[in-house]
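Visitor: This one is data-v1.cif, mmCIF, C-alpha atoms and all ligand atoms; chains and numbers go by the auth columns.
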```cif
data_protein
loop_
_atom_site.group_PDB
_atom_site.id
_atom_site.type_symbol
_atom_site.label_atom_id
_atom_site.label_comp_id
_atom_site.label_asym_id
_atom_site.label_seq_id
_atom_site.Cartn_x
_atom_site.Cartn_y
_atom_site.Cartn_z
_atom_site.B_iso_or_equiv
_atom_site.auth_seq_id
_atom_site.auth_asym_id
ATOM 1 C CA MET A 1 -2.786 21.012 -26.491 0.00 1 A
ATOM 2 C CA ASP A 2 -3.830 19.356 -29.728 0.00 2 A
ATOM 3 C CA THR A 3 -0.820 18.199 -31.693 0.00 3 A
ATOM 4 C CA VAL A 4 -2.477 16.135 -34.417 0.00 4 A
ATOM 5 C CA ASP A 5 -4.355 17.186 -37.530 0.00 5 A
ATOM 6 C CA LYS A 6 -8.080 16.749 -38.052 0.00 6 A
ATOM 7 C CA ALA A 7 -7.885 13.527 -40.049 0.00 7 A
ATOM 8 C CA THR A 8 -5.651 11.902 -37.462 0.00 8 A
ATOM 9 C CA ARG A 9 -7.875 13.115 -34.673 0.00 9 A
ATOM 10 C CA SER A 10 -11.000 11.594 -36.205 0.00 10 A
ATOM 11 C CA ARG A 11 -9.158 8.339 -36.772 0.00 11 A
ATOM 12 C CA ILE A 12 -8.137 8.323 -33.113 0.00 12 A
ATOM 13 C CA MET A 13 -11.667 9.160 -32.029 0.00 13 A
ATOM 14 C CA ALA A 14 -13.047 6.312 -34.129 0.00 14 A
ATOM 15 C CA SER A 15 -10.693 3.806 -32.565 0.00 15 A
ATOM 16 C CA VAL A 16 -10.927 4.788 -28.924 0.00 16 A
ATOM 17 C CA GLY A 17 -13.142 3.107 -26.433 0.00 17 A
ATOM 18 C CA GLN A 18 -13.304 -0.069 -28.453 0.00 18 A
ATOM 19 C CA ARG A 19 -12.818 -3.611 -27.262 0.00 19 A
ATOM 20 C CA ASN A 20 -10.099 -5.828 -28.648 0.00 20 A
ATOM 21 C CA THR A 21 -7.806 -2.958 -29.449 0.00 21 A
ATOM 22 C CA GLY A 22 -4.351 -3.599 -30.796 0.00 22 A
ATOM 23 C CA VAL A 23 -2.584 -3.136 -27.486 0.00 23 A
ATOM 24 C CA GLU A 24 -5.015 -5.427 -25.712 0.00 24 A
ATOM 25 C CA LEU A 25 -4.368 -8.129 -28.304 0.00 25 A
ATOM 26 C CA MET A 26 -0.600 -7.664 -27.913 0.00 26 A
ATOM 27 C CA LEU A 27 -0.839 -8.185 -24.182 0.00 27 A
ATOM 28 C CA ARG A 28 -3.239 -11.117 -24.479 0.00 28 A
ATOM 29 C CA SER A 29 -1.039 -12.867 -26.986 0.00 29 A
ATOM 30 C CA ALA A 30 2.083 -12.420 -24.836 0.00 30 A
ATOM 31 C CA LEU A 31 0.297 -13.691 -21.724 0.00 31 A
ATOM 32 C CA HIS A 32 -1.061 -16.663 -23.632 0.00 32 A
ATOM 33 C CA HIS A 33 2.444 -17.584 -24.801 0.00 33 A
ATOM 34 C CA MET A 34 3.561 -17.564 -21.169 0.00 34 A
ATOM 35 C CA GLY A 35 0.811 -19.996 -20.303 0.00 35 A
ATOM 36 C CA VAL A 36 -1.160 -17.424 -18.303 0.00 36 A
ATOM 37 C CA ARG A 37 -4.869 -18.063 -18.823 0.00 37 A
ATOM 38 C CA TYR A 38 -7.587 -15.480 -18.546 0.00 38 A
ATOM 39 C CA ARG A 39 -11.182 -14.735 -19.347 0.00 39 A
ATOM 40 C CA LEU A 40 -12.219 -11.780 -21.464 0.00 40 A
ATOM 41 C CA HIS A 41 -14.615 -8.921 -20.781 0.00 41 A
ATOM 42 C CA VAL A 42 -16.427 -10.612 -17.946 0.00 42 A
ATOM 43 C CA ARG A 43 -19.748 -8.827 -17.880 0.00 43 A
ATOM 44 C CA SER A 44 -20.786 -10.166 -14.501 0.00 44 A
ATOM 45 C CA LEU A 45 -18.026 -8.072 -12.906 0.00 45 A
ATOM 46 C CA PRO A 46 -18.165 -4.299 -12.397 0.00 46 A
ATOM 47 C CA GLY A 47 -16.897 -2.539 -15.495 0.00 47 A
ATOM 48 C CA SER A 48 -16.547 -5.889 -17.354 0.00 48 A
ATOM 49 C CA PRO A 49 -12.734 -5.851 -17.084 0.00 49 A
ATOM 50 C CA ASP A 50 -10.744 -6.582 -20.238 0.00 50 A
ATOM 51 C CA LEU A 51 -8.846 -9.499 -18.725 0.00 51 A
ATOM 52 C CA VAL A 52 -9.935 -11.515 -15.718 0.00 52 A
ATOM 53 C CA PHE A 53 -7.811 -14.049 -13.872 0.00 53 A
ATOM 54 C CA PRO A 54 -10.288 -15.982 -11.711 0.00 54 A
ATOM 55 C CA ARG A 55 -7.576 -18.107 -10.095 0.00 55 A
ATOM 56 C CA TYR A 56 -5.916 -14.988 -8.750 0.00 56 A
ATOM 57 C CA ARG A 57 -9.155 -13.085 -8.242 0.00 57 A
ATOM 58 C CA ALA A 58 -7.550 -10.355 -10.286 0.00 58 A
ATOM 59 C CA ALA A 59 -8.718 -8.110 -13.102 0.00 59 A
ATOM 60 C CA VAL A 60 -6.744 -6.078 -15.622 0.00 60 A
ATOM 61 C CA PHE A 61 -7.975 -3.114 -17.601 0.00 61 A
ATOM 62 C CA VAL A 62 -6.142 -2.163 -20.777 0.00 62 A
ATOM 63 C CA HIS A 63 -6.746 1.533 -21.198 0.00 63 A
ATOM 64 C CA GLY A 64 -6.215 3.661 -24.257 0.00 64 A
ATOM 65 C CA CYS A 65 -4.285 6.731 -23.104 0.00 65 A
ATOM 66 C CA TYR A 66 -6.360 9.180 -25.119 0.00 66 A
ATOM 67 C CA TRP A 67 -9.842 8.075 -24.183 0.00 67 A
ATOM 68 C CA HIS A 68 -9.015 7.416 -20.561 0.00 68 A
ATOM 69 C CA ALA A 69 -7.071 10.664 -20.261 0.00 69 A
ATOM 70 C CA HIS A 70 -3.858 9.152 -19.008 0.00 70 A
ATOM 71 C CA GLY A 71 -1.976 12.428 -19.056 0.00 71 A
ATOM 72 C CA CYS A 72 0.991 10.985 -20.929 0.00 72 A
ATOM 73 C CA HIS A 73 2.338 12.002 -24.343 0.00 73 A
ATOM 74 C CA ARG A 74 -0.384 9.923 -26.017 0.00 74 A
ATOM 75 C CA SER A 75 -3.244 11.814 -24.393 0.00 75 A
ATOM 76 C CA THR A 76 -4.014 15.339 -25.469 0.00 76 A
ATOM 77 C CA VAL A 77 -7.190 17.340 -25.209 0.00 77 A
ATOM 78 C CA PRO A 78 -8.414 18.626 -28.590 0.00 78 A
ATOM 79 C CA ARG A 79 -8.014 22.373 -28.927 0.00 79 A
ATOM 80 C CA SER A 80 -11.413 22.784 -30.531 0.00 80 A
ATOM 81 C CA ASN A 81 -14.291 22.258 -28.095 0.00 81 A
ATOM 82 C CA HIS A 82 -11.695 22.089 -25.366 0.00 82 A
ATOM 83 C CA GLY A 83 -14.222 22.418 -22.558 0.00 83 A
ATOM 84 C CA PHE A 84 -16.419 19.661 -23.950 0.00 84 A
ATOM 85 C CA TRP A 85 -13.521 17.237 -24.213 0.00 85 A
ATOM 86 C CA SER A 86 -12.115 18.158 -20.830 0.00 86 A
ATOM 87 C CA ASP A 87 -15.479 17.386 -19.228 0.00 87 A
ATOM 88 C CA LYS A 88 -15.735 14.155 -21.162 0.00 88 A
ATOM 89 C CA PHE A 89 -12.286 12.985 -20.120 0.00 89 A
ATOM 90 C CA VAL A 90 -12.947 13.877 -16.496 0.00 90 A
ATOM 91 C CA ALA A 91 -16.173 11.838 -16.683 0.00 91 A
ATOM 92 C CA ASN A 92 -14.278 8.902 -18.179 0.00 92 A
ATOM 93 C CA LYS A 93 -11.681 9.010 -15.435 0.00 93 A
ATOM 94 C CA LEU A 94 -14.393 9.146 -12.803 0.00 94 A
ATOM 95 C CA ARG A 95 -16.136 6.156 -14.350 0.00 95 A
ATOM 96 C CA ASP A 96 -12.868 4.203 -14.392 0.00 96 A
ATOM 97 C CA ALA A 97 -12.291 5.005 -10.733 0.00 97 A
ATOM 98 C CA LYS A 98 -15.802 3.819 -9.827 0.00 98 A
ATOM 99 C CA LYS A 99 -15.362 0.532 -11.667 0.00 99 A
ATOM 100 C CA GLU A 100 -12.068 -0.022 -9.935 0.00 100 A
ATOM 101 C CA ALA A 101 -13.531 0.762 -6.524 0.00 101 A
ATOM 102 C CA ALA A 102 -16.460 -1.603 -7.123 0.00 102 A
ATOM 103 C CA LEU A 103 -14.091 -4.424 -8.017 0.00 103 A
ATOM 104 C CA LEU A 104 -11.892 -3.777 -4.998 0.00 104 A
ATOM 105 C CA ASP A 105 -14.982 -3.734 -2.778 0.00 105 A
ATOM 106 C CA ALA A 106 -15.932 -7.123 -4.178 0.00 106 A
ATOM 107 C CA GLY A 107 -12.538 -8.453 -3.151 0.00 107 A
ATOM 108 C CA TRP A 108 -10.845 -8.337 -6.518 0.00 108 A
ATOM 109 C CA ARG A 109 -7.387 -7.022 -7.259 0.00 109 A
ATOM 110 C CA VAL A 110 -7.149 -4.533 -10.088 0.00 110 A
ATOM 111 C CA MET A 111 -4.334 -3.462 -12.373 0.00 111 A
ATOM 112 C CA THR A 112 -4.376 -1.058 -15.291 0.00 112 A
ATOM 113 C CA VAL A 113 -2.089 -1.490 -18.262 0.00 113 A
ATOM 114 C CA TRP A 114 -1.852 1.732 -20.245 0.00 114 A
ATOM 115 C CA GLU A 115 -1.558 1.848 -23.993 0.00 115 A
ATOM 116 C CA CYS A 116 1.717 3.772 -23.775 0.00 116 A
ATOM 117 C CA ALA A 117 3.369 0.742 -22.143 0.00 117 A
ATOM 118 C CA LEU A 118 2.891 -1.074 -25.433 0.00 118 A
ATOM 119 C CA ARG A 119 2.688 1.593 -28.105 0.00 119 A
ATOM 120 C CA GLY A 120 4.543 4.769 -28.977 0.00 120 A
ATOM 121 C CA LYS A 121 7.907 6.122 -27.934 0.00 121 A
ATOM 122 C CA THR A 122 7.724 4.645 -24.432 0.00 122 A
ATOM 123 C CA ALA A 123 6.620 1.172 -25.580 0.00 123 A
ATOM 124 C CA ARG A 124 8.240 -1.982 -24.310 0.00 124 A
ATOM 125 C CA GLN A 125 8.090 -5.474 -25.705 0.00 125 A
ATOM 126 C CA PRO A 126 4.706 -7.117 -25.019 0.00 126 A
ATOM 127 C CA GLU A 127 6.589 -9.980 -23.337 0.00 127 A
ATOM 128 C CA GLU A 128 8.086 -7.549 -20.831 0.00 128 A
ATOM 129 C CA VAL A 129 4.714 -6.059 -19.998 0.00 129 A
ATOM 130 C CA ALA A 130 3.124 -9.496 -19.762 0.00 130 A
ATOM 131 C CA ALA A 131 5.900 -10.621 -17.417 0.00 131 A
ATOM 132 C CA ALA A 132 5.173 -7.648 -15.168 0.00 132 A
ATOM 133 C CA VAL A 133 1.481 -8.566 -15.116 0.00 133 A
ATOM 134 C CA ARG A 134 2.309 -12.175 -14.282 0.00 134 A
ATOM 135 C CA LYS A 135 4.625 -11.060 -11.508 0.00 135 A
ATOM 136 C CA TRP A 136 1.841 -8.935 -10.059 0.00 136 A
ATOM 137 C CA LEU A 137 -0.630 -11.825 -10.292 0.00 137 A
ATOM 138 C CA ARG A 138 1.696 -14.143 -8.402 0.00 138 A
ATOM 139 C CA SER A 139 2.994 -11.654 -5.879 0.00 139 A
ATOM 140 C CA PRO A 140 1.669 -12.410 -2.391 0.00 140 A
ATOM 141 C CA ALA A 141 2.369 -8.829 -1.315 0.00 141 A
ATOM 142 C CA SER A 142 -0.058 -7.427 -3.845 0.00 142 A
ATOM 143 C CA ARG A 143 -2.839 -9.482 -2.301 0.00 143 A
ATOM 144 C CA SER A 144 -2.628 -7.597 0.948 0.00 144 A
ATOM 145 C CA ARG A 145 -2.602 -4.120 -0.499 0.00 145 A
ATOM 146 C CA PRO A 146 -3.882 -1.506 1.963 0.00 146 A
ATOM 147 C CA ALA A 147 -7.369 -0.345 1.052 0.00 147 A
ATOM 148 C CA ASN A 148 -6.312 3.251 0.467 0.00 148 A
ATOM 149 C CA ALA A 149 -3.284 2.511 -1.705 0.00 149 A
ATOM 150 C CA PRO A 150 -3.625 3.270 -5.407 0.00 150 A
ATOM 151 C CA ALA A 151 -4.124 0.257 -7.659 0.00 151 A
ATOM 152 C CA PRO A 152 -0.997 -0.656 -9.576 0.00 152 A
ATOM 153 C CA SER A 153 -0.610 0.212 -13.203 0.00 153 A
ATOM 154 C CA ILE A 154 1.887 -0.264 -15.982 0.00 154 A
ATOM 155 C CA ALA A 155 2.517 2.704 -18.197 0.00 155 A
ATOM 156 C CA GLY A 156 5.092 3.902 -20.650 0.00 156 A
ATOM 157 C CA LEU A 157 5.867 6.838 -18.392 0.00 157 A
ATOM 158 C CA GLU A 158 6.914 4.579 -15.576 0.00 158 A
ATOM 159 C CA TRP A 159 8.962 2.392 -17.852 0.00 159 A
ATOM 160 C CA ALA A 160 10.720 5.468 -19.169 0.00 160 A
ATOM 161 C CA ALA A 161 11.394 6.765 -15.677 0.00 161 A
ATOM 162 C CA SER A 162 12.781 3.519 -14.305 0.00 162 A
HETATM 163 ZN ZN ZN B . -0.310 6.699 -21.443 0.00 201 B
#
```
Would you write out, as structure tokens, the structure that this file holds?
Ligand SMILES: [Zn+2]
Guide:
Amino acid sequence: MDTVDKATRSRIMASVGQRNTGVELMLRSALHHMGVRYRLHVRSLPGSPDLVFPRYRAAVFVHGCYWHAHGCHRSTVPRSNHGFWSDKFVANKLRDAKKEAALLDAGWRVMTVWECALRGKTARQPEEVAAAVRKWLRSPASRSRPANAPAPSIAGLEWAAS
């Protein structure tokens, strides 16, 4: 279902998949204010994660809901060329899953923060999201996650549901 007009769609398409997106900067800034230090876009790691916390051997991806096909209110498949976009989004999701698996295999912990946690009708304050990330980083339980358990994520949907 495509709910935006053509101009908006092309603006979205131009902004997706980029580094240093607005939501990533919001999260980075909030973490920085809390004194949580990180490295950016570490290319030596699989998928060059957006934020890397070497001390915690943890990596965080900040995913745009549209490009990474989150399935929330911020991700819709364009009505025109529907098949093309569906395939593309499936490929993106698959690529994300592979990156995540490669990091986990290398002994890293992985979390995904979705755009909708920080932007749109389900958005929370960046400080709240950053606090949740920090809690995850420090949580001893999250270090012994069973291999088959899904990696944690923060999304607007979950915020809204809780
Ligand atoms: Zn989302």
Visitor: Please return as a list of chain:residue names every residue within 9 Å of (-8.1, -3.7, -12.1), taking into account all atoms listed in the file and the file's own coordinates.
Guide: A:Pro49, A:Leu51, A:Val52, A:Ala58, A:Ala59, A:Val60, A:Phe61, A:Lys99, A:Glu100, A:Ala101, A:Leu103, A:Leu104, A:Trp108, A:Arg109, A:Val110, A:Met111, A:Thr112, A:Val113, A:Ala151, A:Pro152, A:Ser153
Visitor: Please produce an output containing C-alpha atoms for each residue in the selection, written as a short mmCIF file (atom, residue, chain, number, x, y, z; two decimals), in the coordinates of the input.
Guide:
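Now in part_10.cif:
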```
data_model
loop_
_atom_site.label_atom_id
_atom_site.label_comp_id
_atom_site.auth_asym_id
_atom_site.auth_seq_id
_atom_site.Cartn_x
_atom_site.Cartn_y
_atom_site.Cartn_z
CA PRO A 49 -12.73 -5.85 -17.08
CA LEU A 51 -8.85 -9.50 -18.73
CA VAL A 52 -9.94 -11.52 -15.72
CA ALA A 58 -7.55 -10.36 -10.29
CA ALA A 59 -8.72 -8.11 -13.10
CA VAL A 60 -6.74 -6.08 -15.62
CA PHE A 61 -7.98 -3.11 -17.60
CA LYS A 99 -15.36 0.53 -11.67
CA GLU A 100 -12.07 -0.02 -9.94
CA ALA A 101 -13.53 0.76 -6.52
CA LEU A 103 -14.09 -4.42 -8.02
CA LEU A 104 -11.89 -3.78 -5.00
CA TRP A 108 -10.84 -8.34 -6.52
CA ARG A 109 -7.39 -7.02 -7.26
CA VAL A 110 -7.15 -4.53 -10.09
CA MET A 111 -4.33 -3.46 -12.37
CA THR A 112 -4.38 -1.06 -15.29
CA VAL A 113 -2.09 -1.49 -18.26
CA ALA A 151 -4.12 0.26 -7.66
CA PRO A 152 -1.00 -0.66 -9.58
CA SER A 153 -0.61 0.21 -13.20
#
```
Visitor: To one decimal place, how far is atom CA of A:Asn92 from atom CA of A:Gly64 in Å?
Guide: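 These atoms are spaced 11.4 Å apart.
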Visitor: Once you count only C-alpha atoms and all ligand atoms, what closest atom pair and distance in Å to one decimal does each residue of chain A within 12 Å of ligand ZN 201 (chain B) have, with rows by chain and rising residue number, as a Markdown table?
Guide:
```
| residue | atom | partner | partner_atom | distance |
| --- | --- | --- | --- | --- |
| A:Val23 | CA | B:ZN201 | ZN | 11.8 |
| A:Val62 | CA | B:ZN201 | ZN | 10.6 |
| A:His63 | CA | B:ZN201 | ZN | 8.3 |
| A:Gly64 | CA | B:ZN201 | ZN | 7.2 |
| A:Cys65 | CA | B:ZN201 | ZN | 4.3 |
| A:Tyr66 | CA | B:ZN201 | ZN | 7.5 |
| A:Trp67 | CA | B:ZN201 | ZN | 10.0 |
| A:His68 | CA | B:ZN201 | ZN | 8.8 |
| A:Ala69 | CA | B:ZN201 | ZN | 7.9 |
| A:His70 | CA | B:ZN201 | ZN | 5.0 |
| A:Gly71 | CA | B:ZN201 | ZN | 6.4 |
| A:Cys72 | CA | B:ZN201 | ZN | 4.5 |
| A:His73 | CA | B:ZN201 | ZN | 6.6 |
| A:Arg74 | CA | B:ZN201 | ZN | 5.6 |
| A:Ser75 | CA | B:ZN201 | ZN | 6.6 |
| A:Thr76 | CA | B:ZN201 | ZN | 10.2 |
| A:Thr112 | CA | B:ZN201 | ZN | 10.7 |
| A:Val113 | CA | B:ZN201 | ZN | 9.0 |
| A:Trp114 | CA | B:ZN201 | ZN | 5.3 |
| A:Glu115 | CA | B:ZN201 | ZN | 5.6 |
| A:Cys116 | CA | B:ZN201 | ZN | 4.3 |
| A:Ala117 | CA | B:ZN201 | ZN | 7.0 |
| A:Leu118 | CA | B:ZN201 | ZN | 9.3 |
| A:Arg119 | CA | B:ZN201 | ZN | 8.9 |
| A:Gly120 | CA | B:ZN201 | ZN | 9.2 |
| A:Lys121 | CA | B:ZN201 | ZN | 10.5 |
| A:Thr122 | CA | B:ZN201 | ZN | 8.8 |
| A:Ala123 | CA | B:ZN201 | ZN | 9.8 |
| A:Ser153 | CA | B:ZN201 | ZN | 10.5 |
| A:Ile154 | CA | B:ZN201 | ZN | 9.1 |
| A:Ala155 | CA | B:ZN201 | ZN | 5.9 |
| A:Gly156 | CA | B:ZN201 | ZN | 6.1 |
| A:Leu157 | CA | B:ZN201 | ZN | 6.9 |
| A:Glu158 | CA | B:ZN201 | ZN | 9.5 |
| A:Trp159 | CA | B:ZN201 | ZN | 10.8 |
| A:Ala160 | CA | B:ZN201 | ZN | 11.3 |
```
Visitor: Atom CA of A:Ser29 and atom CA of A:Val129 are how many Å apart?
Guide: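 Computing the Euclidean distance for atom CA of A:Ser29 and atom CA of A:Val129 yields 11.3 Å.
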Visitor: Residues picked by the PyMOL selection byres (((chain A and resi 137-139) around 10) and not hetatm) here, as a list in words?
Guide: Val36, Phe53, Arg55, Tyr56, Arg57, Ala58, Ala59, Val60, Arg109, Val110, Met111, Ala131, Ala132, Val133, Arg134, Lys135, Trp136, Pro140, Ala141, Ser142, Arg143 and Ser144 of chain A
Visitor: Would you compute the distance between atom CA of A:Arg39 and atom CA of A:Val90? Give it in Å to one decimal.
Guide: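 Atom CA of A:Val90 lies at a distance of 28.8 Å from atom CA of A:Arg39.
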Visitor: May I ask which of the residues A:Ala97, A:Val77, A:Leu27, A:Ala102 is the closest one to A:Leu45, counting only C-alpha atoms?
Guide: A:Ala102
Visitor: Hey, could you pull the box centre and edge lengths for stretch 51-56 of chain A, axis-aligned, 5 Å padding per side, all listed atoms, to one decimal in Å, as AutoDock Vina command-line options?
Guide:
```
--center_x -8.1 --center_y -13.8 --center_z -13.7 --size_x 14.4 --size_y 18.6 --size_z 20.0
```
